[in-house]
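Below you'll find the structure, written out as structure tokens, and then a few comments.
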Amino acid sequence: MRWDLTRRLRAGTLLALVLGTGACQEKLAAPADCPALCPGGFDLVDTVLTPVPSGDTSFAGYVRAGSGSGLRVSYQFPLSEDRAVLRFTKRPDSLEIQDTLKPYTIDSVAFEVALLYRDTSVPSARLVLYRMPALTDSSVTFTDLDTAFTVANTVDSFVLDTVGRYRRVLTGAALARVAIAPADTGILSLGIGLRAAQGTGVRIGNVASSTVAPTFITYVRLPYQDSTVQRTLIRSAQFAAFRSQATEVLDPDLLTVGGVPSARSLLRFDWPSYLRDSAQLIRVSLELLPATPVVGIPGDTAFIVARPVLADFGAKSPAVTSSAFAGIDTVLTGQTDTVRIEVRAAASTWQGSNSLPPALLLILSPEASTFTRPTFGSTRTPGFQPRLRVTFARPFPFEDP
Amino acid sequence: MAAHRLVRGAFAALLVAAMPGLLVAQSSIFGVRGLGHPGRPLTPAARATGGSFAPFDAESDGNPAALGQMRALTGNFVMAPTWRHWESPAGDASLRESRFPLMSVGGPVPGTRVGLGVAFGSYADRDFRLSSTDTILVRGVPVGVNDTLTSLGGINEIRFGAGMVLGKRTLVGAAAYWITGSSRMEARRSFADTSFISVRQSAELSYQGFGLSLGLIHELRNNLRVSFYARSDGNVDVDRDSTGVTSIDLPYTLGAGVQFRPHRRLTLAGAGVYRTWSGANSDFQAQGGAGADNTLDLSFGGEWVRNTRRSTSLPLRFGVRYAQLPFPLDAGDQPHEVTLSLGTGLRFAQERAGFDVSLEQAFRSAAGAYKERAFSLVLGLSVRPYGSR
């Protein structure tokens, strides 16, 4: 009897442990008929804020021509007439082989230029390379370039087709067009112009982007012992810029982004305390209404980036550099629809006790590299004011039974 | 001697292990509203009789007068894994959880006729996770949403009680209750339109209150006892993340029971408990809740002893219980539950240790479409380090 009892006890204890352990795996989730059953409830609110009156302003002069990722070149383009210029790094006149400098013989020369965008509806677009004075620098003007763009100075020209990298090779007699005189100390400068059947513009790669940077390549031969060796001299642009015929002017009643030198717009908001302290932001959209159809090369795309600022110093407000807090949206040439930029992450920096100033800096991307130059209504433009549409959740009333 | 040390060690380990894990009793769909599903801080032995033995049980958190009949230092630890099936208009779900509704320590004061006890028990449970879907208008556009509301925790009570023998047939007792606990709550909403970021909010609701109770057990005849007790819990202050948000009236409790032994092997009991939860009705409704109703809890059960010389050796316990639940899901539609229970227990190691088990099947419903079936395995371990005297 005692043995039986002990066995039963052990069996019962084991069964209880097994069942108890199994039940420790909790499963609590169940479908519910809310809000009838659920206590509390979400309270979502949609509100619209406008910038502080006259607290939205555009400033120009941030990025200069040639400092961006692209270069503008155009031909009889109503929007802007532009010429590009490149000055390559110095090419040595001899190469060292086994501690001995030896002169070389040029076999051929190549130029590589990347086409970033063109209007494919315009036929016969040709990029023309011109020889420029070797020491061309930032003081060069549109007139200087235009004057130098003569037949006598033409180095090469080629038809533009699809977007991509173009490579032109000069050999034989054509090498004389790019011969570098001893007085130029190995420096070559080129101007870039555009010809087409009608007015248009293109964007070509600049040195800021390594994959599309213009390149000057020289293929040479050197005598070595009883034979010759071949070498390749690759030179990138030390100076790159473009010059525009007309100077862009900011309209003080509009918000402008882009252009050359680039313009940026600062928008300040009166951020209410209920959003600063306790609201959870669900979606915050900045709505910008184009004052005129967005100008640019037909079909071209640019991006507007909205960033919070670390401090409000007007034109010199430093923007938050982290992309995590940036809102971005595309703008298309000819666009008249509202541009909506999701800026929830940026607006979240306006919350809490150590919040940033409630302001957004609008920047065009690529900057100083595109013909796209949108202008939006400001608080001074009736019917076109920017809006910040905020959808947020109030604190959940957990205490409600 | 080695057995003594072993049992004492188990007793201490049980106390230490159970303290941080003390949670609340079984959950229920009917614990979503109000303060939650009322707890049952009873031993498996009392629960196996439907709760009818609770007014006479010194190890249950019921009538403090029962503490006067303690004959040995005793520790109890109760766990209750539960499997539930929930039916609602939004769908059905099979759920499970494991809770620890009671831990108690008590014993006689040497040389006196007084028994003291401390019990950590469940007062109300608020464990749930509700999921729902809906389509709402956001910025004037219909957007699908998925909501989840989670609550983990509830309200516990810590009872400090004393019972005393008066004369040969009467026990009296009193207890003070510290009502405390917290619910960790979280609400999530995700949108079908991913341009809206998901909402996630959380808070901790904490509760504080105090209560008092008085009790009496009187033996009318050798085989007939009656029990009465009354309790007032005042009110409970509710804080949200350490900030006071509201105060809720807690009920007065009136309990009575009768225990009858018609045969030397058979003991029968009946009990009733009435709680004035309607005092909290206005508090809940003021916050937008569905309110609260008074509750009546009736139970009947018995114990059949197989061996009269060792009554603690695998007796058969049975019971049935009907109880109204205080917090309706919809105002005016008070839910109720019917519970059938069966159990047994065993003392061993010279009565120094033992376990009790109760199997319970509860059927809960309201007039609406909400129904719930719950099966609980209530396990209790008890330790008497110095044996029975």
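In the structure tokens, each chain is lettered A, B, ... as it comes, each chain's residues begin at 1, and ligands are numbered from 1 in order of appearance.
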
- [ ] Tell me, as a ChimeraX atom specification, which residues lie within 9 Å of Ile297 (chain A), counting only C-alpha atoms; anything in the same chain fewer than 2 positions away does not count.
- [x] /A:79,117-119,200-202,295,299-301,333,370-372

Write a file of the selected residues as a compact mmCIF listing (two decimals), in the first residue's frame, keeping N, CA and C atoms.
# COMPACT_ATOMS: atom_id res chain seq x y z
N LEU A 79 15.79 78.68 -70.40
CA LEU A 79 15.90 78.72 -68.94
C LEU A 79 17.24 79.27 -68.48
N TYR A 117 21.97 63.54 -67.73
CA TYR A 117 20.59 63.66 -68.20
C TYR A 117 20.55 64.55 -69.43
N ARG A 118 19.68 64.18 -70.34
CA ARG A 118 19.38 65.07 -71.46
C ARG A 118 17.94 64.87 -71.88
N ASP A 119 17.42 65.82 -72.61
CA ASP A 119 16.06 65.74 -73.13
C ASP A 119 16.13 64.92 -74.41
N THR A 200 18.23 73.44 -75.79
CA THR A 200 18.12 72.40 -74.76
C THR A 200 19.31 72.49 -73.82
N GLY A 201 19.28 71.66 -72.81
CA GLY A 201 20.39 71.61 -71.86
C GLY A 201 20.66 70.18 -71.46
N VAL A 202 21.87 69.92 -70.99
CA VAL A 202 22.21 68.59 -70.49
C VAL A 202 22.96 68.76 -69.17
N VAL A 295 10.40 74.63 -63.30
CA VAL A 295 11.23 74.78 -64.49
C VAL A 295 12.38 73.78 -64.45
N GLY A 299 11.24 66.44 -68.41
CA GLY A 299 11.43 65.06 -67.98
C GLY A 299 12.44 64.87 -66.88
N ASP A 300 13.17 65.91 -66.55
CA ASP A 300 14.21 65.76 -65.53
C ASP A 300 13.59 65.69 -64.14
N THR A 301 14.27 64.99 -63.26
CA THR A 301 13.80 64.81 -61.89
C THR A 301 14.82 65.37 -60.92
N THR A 333 9.98 68.38 -63.73
CA THR A 333 9.85 69.57 -64.55
C THR A 333 8.40 69.71 -65.03
N THR A 370 21.70 71.23 -61.50
CA THR A 370 20.54 70.93 -62.33
C THR A 370 19.85 72.23 -62.75
N PHE A 371 19.09 72.12 -63.81
CA PHE A 371 18.33 73.28 -64.25
C PHE A 371 17.03 73.44 -63.45
N THR A 372 16.66 72.37 -62.73
CA THR A 372 15.41 72.41 -61.97
C THR A 372 15.52 73.45 -60.85

- [ ] Please identify all polymer residues within 7 Å of region 248-264 of chain A, counting only C-alpha atoms, omitting same-chain residues fewer than 4 positions from it, and present them as a PyMOL selection string.
- [x] chain A and resi 57-65+361-364+367-368+371-378+380-381

Quick one: write out the picked residues with N, CA and C atoms as a PDB file, in the first residue's frame?
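Full text of selection_28.pdb as output:
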ATOM      1  N   THR A  57      11.576  82.067 -45.525  1.00  0.00           N
ATOM      2  CA  THR A  57      12.439  82.915 -46.350  1.00  0.00           C
ATOM      3  C   THR A  57      13.378  82.055 -47.185  1.00  0.00           C
ATOM      4  N   SER A  58      13.743  82.578 -48.338  1.00  0.00           N
ATOM      5  CA  SER A  58      14.746  81.906 -49.168  1.00  0.00           C
ATOM      6  C   SER A  58      16.063  82.667 -49.096  1.00  0.00           C
ATOM      7  N   PHE A  59      17.133  81.924 -49.123  1.00  0.00           N
ATOM      8  CA  PHE A  59      18.480  82.502 -49.125  1.00  0.00           C
ATOM      9  C   PHE A  59      19.270  81.850 -50.256  1.00  0.00           C
ATOM     10  N   ALA A  60      20.133  82.625 -50.883  1.00  0.00           N
ATOM     11  CA  ALA A  60      20.928  82.090 -51.993  1.00  0.00           C
ATOM     12  C   ALA A  60      22.411  82.146 -51.660  1.00  0.00           C
ATOM     13  N   GLY A  61      23.208  81.395 -52.424  1.00  0.00           N
ATOM     14  CA  GLY A  61      24.651  81.478 -52.276  1.00  0.00           C
ATOM     15  C   GLY A  61      25.280  80.320 -51.544  1.00  0.00           C
ATOM     16  N   TYR A  62      24.579  79.183 -51.442  1.00  0.00           N
ATOM     17  CA  TYR A  62      25.116  78.063 -50.662  1.00  0.00           C
ATOM     18  C   TYR A  62      26.156  77.259 -51.449  1.00  0.00           C
ATOM     19  N   VAL A  63      25.759  76.723 -52.593  1.00  0.00           N
ATOM     20  CA  VAL A  63      26.685  75.899 -53.381  1.00  0.00           C
ATOM     21  C   VAL A  63      26.883  76.575 -54.730  1.00  0.00           C
ATOM     22  N   ARG A  64      28.156  76.788 -55.101  1.00  0.00           N
ATOM     23  CA  ARG A  64      28.449  77.507 -56.337  1.00  0.00           C
ATOM     24  C   ARG A  64      28.533  76.544 -57.518  1.00  0.00           C
ATOM     25  N   ALA A  65      28.462  77.114 -58.697  1.00  0.00           N
ATOM     26  CA  ALA A  65      28.537  76.302 -59.903  1.00  0.00           C
ATOM     27  C   ALA A  65      29.849  75.531 -59.928  1.00  0.00           C
ATOM     28  N   LEU A 361      14.678  73.312 -43.205  1.00  0.00           N
ATOM     29  CA  LEU A 361      15.477  73.902 -44.271  1.00  0.00           C
ATOM     30  C   LEU A 361      15.261  73.058 -45.525  1.00  0.00           C
ATOM     31  N   LEU A 362      14.800  73.711 -46.586  1.00  0.00           N
ATOM     32  CA  LEU A 362      14.541  73.001 -47.845  1.00  0.00           C
ATOM     33  C   LEU A 362      15.739  73.135 -48.763  1.00  0.00           C
ATOM     34  N   ILE A 363      16.203  72.003 -49.227  1.00  0.00           N
ATOM     35  CA  ILE A 363      17.400  71.970 -50.073  1.00  0.00           C
ATOM     36  C   ILE A 363      17.078  71.152 -51.320  1.00  0.00           C
ATOM     37  N   LEU A 364      17.528  71.623 -52.491  1.00  0.00           N
ATOM     38  CA  LEU A 364      17.336  70.835 -53.707  1.00  0.00           C
ATOM     39  C   LEU A 364      18.498  69.867 -53.868  1.00  0.00           C
ATOM     40  N   GLU A 367      22.286  69.731 -55.841  1.00  0.00           N
ATOM     41  CA  GLU A 367      22.343  71.176 -55.658  1.00  0.00           C
ATOM     42  C   GLU A 367      23.397  71.779 -56.583  1.00  0.00           C
ATOM     43  N   ALA A 368      23.050  72.907 -57.199  1.00  0.00           N
ATOM     44  CA  ALA A 368      23.939  73.612 -58.132  1.00  0.00           C
ATOM     45  C   ALA A 368      24.394  72.710 -59.264  1.00  0.00           C
ATOM     46  N   PHE A 371      19.091  72.117 -63.806  1.00  0.00           N
ATOM     47  CA  PHE A 371      18.328  73.280 -64.246  1.00  0.00           C
ATOM     48  C   PHE A 371      17.029  73.439 -63.447  1.00  0.00           C
ATOM     49  N   THR A 372      16.657  72.373 -62.732  1.00  0.00           N
ATOM     50  CA  THR A 372      15.414  72.408 -61.967  1.00  0.00           C
ATOM     51  C   THR A 372      15.518  73.450 -60.854  1.00  0.00           C
ATOM     52  N   ARG A 373      14.533  74.302 -60.817  1.00  0.00           N
ATOM     53  CA  ARG A 373      14.570  75.384 -59.814  1.00  0.00           C
ATOM     54  C   ARG A 373      13.120  75.704 -59.422  1.00  0.00           C
ATOM     55  N   PRO A 374      12.551  74.909 -58.534  1.00  0.00           N
ATOM     56  CA  PRO A 374      11.156  75.142 -58.174  1.00  0.00           C
ATOM     57  C   PRO A 374      10.982  76.365 -57.282  1.00  0.00           C
ATOM     58  N   THR A 375       9.858  77.005 -57.461  1.00  0.00           N
ATOM     59  CA  THR A 375       9.484  78.116 -56.572  1.00  0.00           C
ATOM     60  C   THR A 375       8.107  77.806 -56.006  1.00  0.00           C
ATOM     61  N   PHE A 376       7.974  78.002 -54.715  1.00  0.00           N
ATOM     62  CA  PHE A 376       6.727  77.677 -54.021  1.00  0.00           C
ATOM     63  C   PHE A 376       6.164  78.935 -53.369  1.00  0.00           C
ATOM     64  N   GLY A 377       4.871  78.858 -53.123  1.00  0.00           N
ATOM     65  CA  GLY A 377       4.235  79.955 -52.430  1.00  0.00           C
ATOM     66  C   GLY A 377       4.727  80.047 -50.990  1.00  0.00           C
ATOM     67  N   SER A 378       4.704  81.234 -50.452  1.00  0.00           N
ATOM     68  CA  SER A 378       5.111  81.463 -49.068  1.00  0.00           C
ATOM     69  C   SER A 378       3.912  82.014 -48.294  1.00  0.00           C
ATOM     70  N   ARG A 380       3.469  84.833 -47.746  1.00  0.00           N
ATOM     71  CA  ARG A 380       3.144  86.126 -48.372  1.00  0.00           C
ATOM     72  C   ARG A 380       2.445  85.937 -49.715  1.00  0.00           C
ATOM     73  N   THR A 381       2.121  84.695 -50.011  1.00  0.00           N
ATOM     74  CA  THR A 381       1.475  84.405 -51.296  1.00  0.00           C
ATOM     75  C   THR A 381       0.074  83.864 -51.019  1.00  0.00           C
TER      76      THR A 381
END

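Taking only C-alpha atoms, the non-local environment of Val141 (chain B) within 12 Å (same-chain residues fewer than 6 positions away omitted) comprises Asp46 of chain A; Thr135, Ala192 and Asp193 of chain B.
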
Atoms kept (C-alpha atoms) for selection, written as a compact mmCIF listing (two decimals), in the first residue's frame:
# COMPACT_ATOMS: atom_id res chain seq x y z
CA ASP A 46 -5.34 65.67 -37.80
CA THR B 135 -11.10 50.99 -41.01
CA ALA B 192 -2.34 49.45 -43.73
CA ASP B 193 -0.99 52.63 -45.31

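What separates CA of Tyr130 (chain A) from CA of Phe158 (chain A) is a distance of 12.2 Å.
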
- [ ] Would you please give, as an MDAnalysis selection string, all residues of region 52-234 of chain B that DSSP assigns to strand (DSSP E or B) based on the backbone?
- [x] chainID B and resid 74:88 91:108 114:125 128:138 141:166 170:191 199:221 224:232

Open item on the list: For Pro315 (chain B), find every residue with an atom within 6 Å (counting only C-alpha atoms), except residues of its own chain fewer than 4 positions away, and show them as a list in words.
Closed with: Trp304, Val305, Arg306 and Thr344 of chain B

Could those residues be written to a file, using N, CA and C atoms, as an mmCIF file, in the first residue's frame?
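Below is the file that was written, again-v3.cif:
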data_model
loop_
_atom_site.group_PDB
_atom_site.id
_atom_site.type_symbol
_atom_site.label_atom_id
_atom_site.label_comp_id
_atom_site.auth_asym_id
_atom_site.auth_seq_id
_atom_site.Cartn_x
_atom_site.Cartn_y
_atom_site.Cartn_z
ATOM 1 N N TRP B 304 -15.016 13.948 0.823
ATOM 2 C CA TRP B 304 -15.211 12.553 1.209
ATOM 3 C C TRP B 304 -13.841 11.993 1.585
ATOM 4 N N VAL B 305 -13.740 11.578 2.846
ATOM 5 C CA VAL B 305 -12.462 11.082 3.356
ATOM 6 C C VAL B 305 -12.411 9.573 3.190
ATOM 7 N N ARG B 306 -11.366 9.096 2.541
ATOM 8 C CA ARG B 306 -11.259 7.659 2.304
ATOM 9 C C ARG B 306 -10.821 6.921 3.554
ATOM 10 N N THR B 344 -8.292 16.709 -4.838
ATOM 11 C CA THR B 344 -7.815 15.828 -3.781
ATOM 12 C C THR B 344 -6.526 16.404 -3.220
#
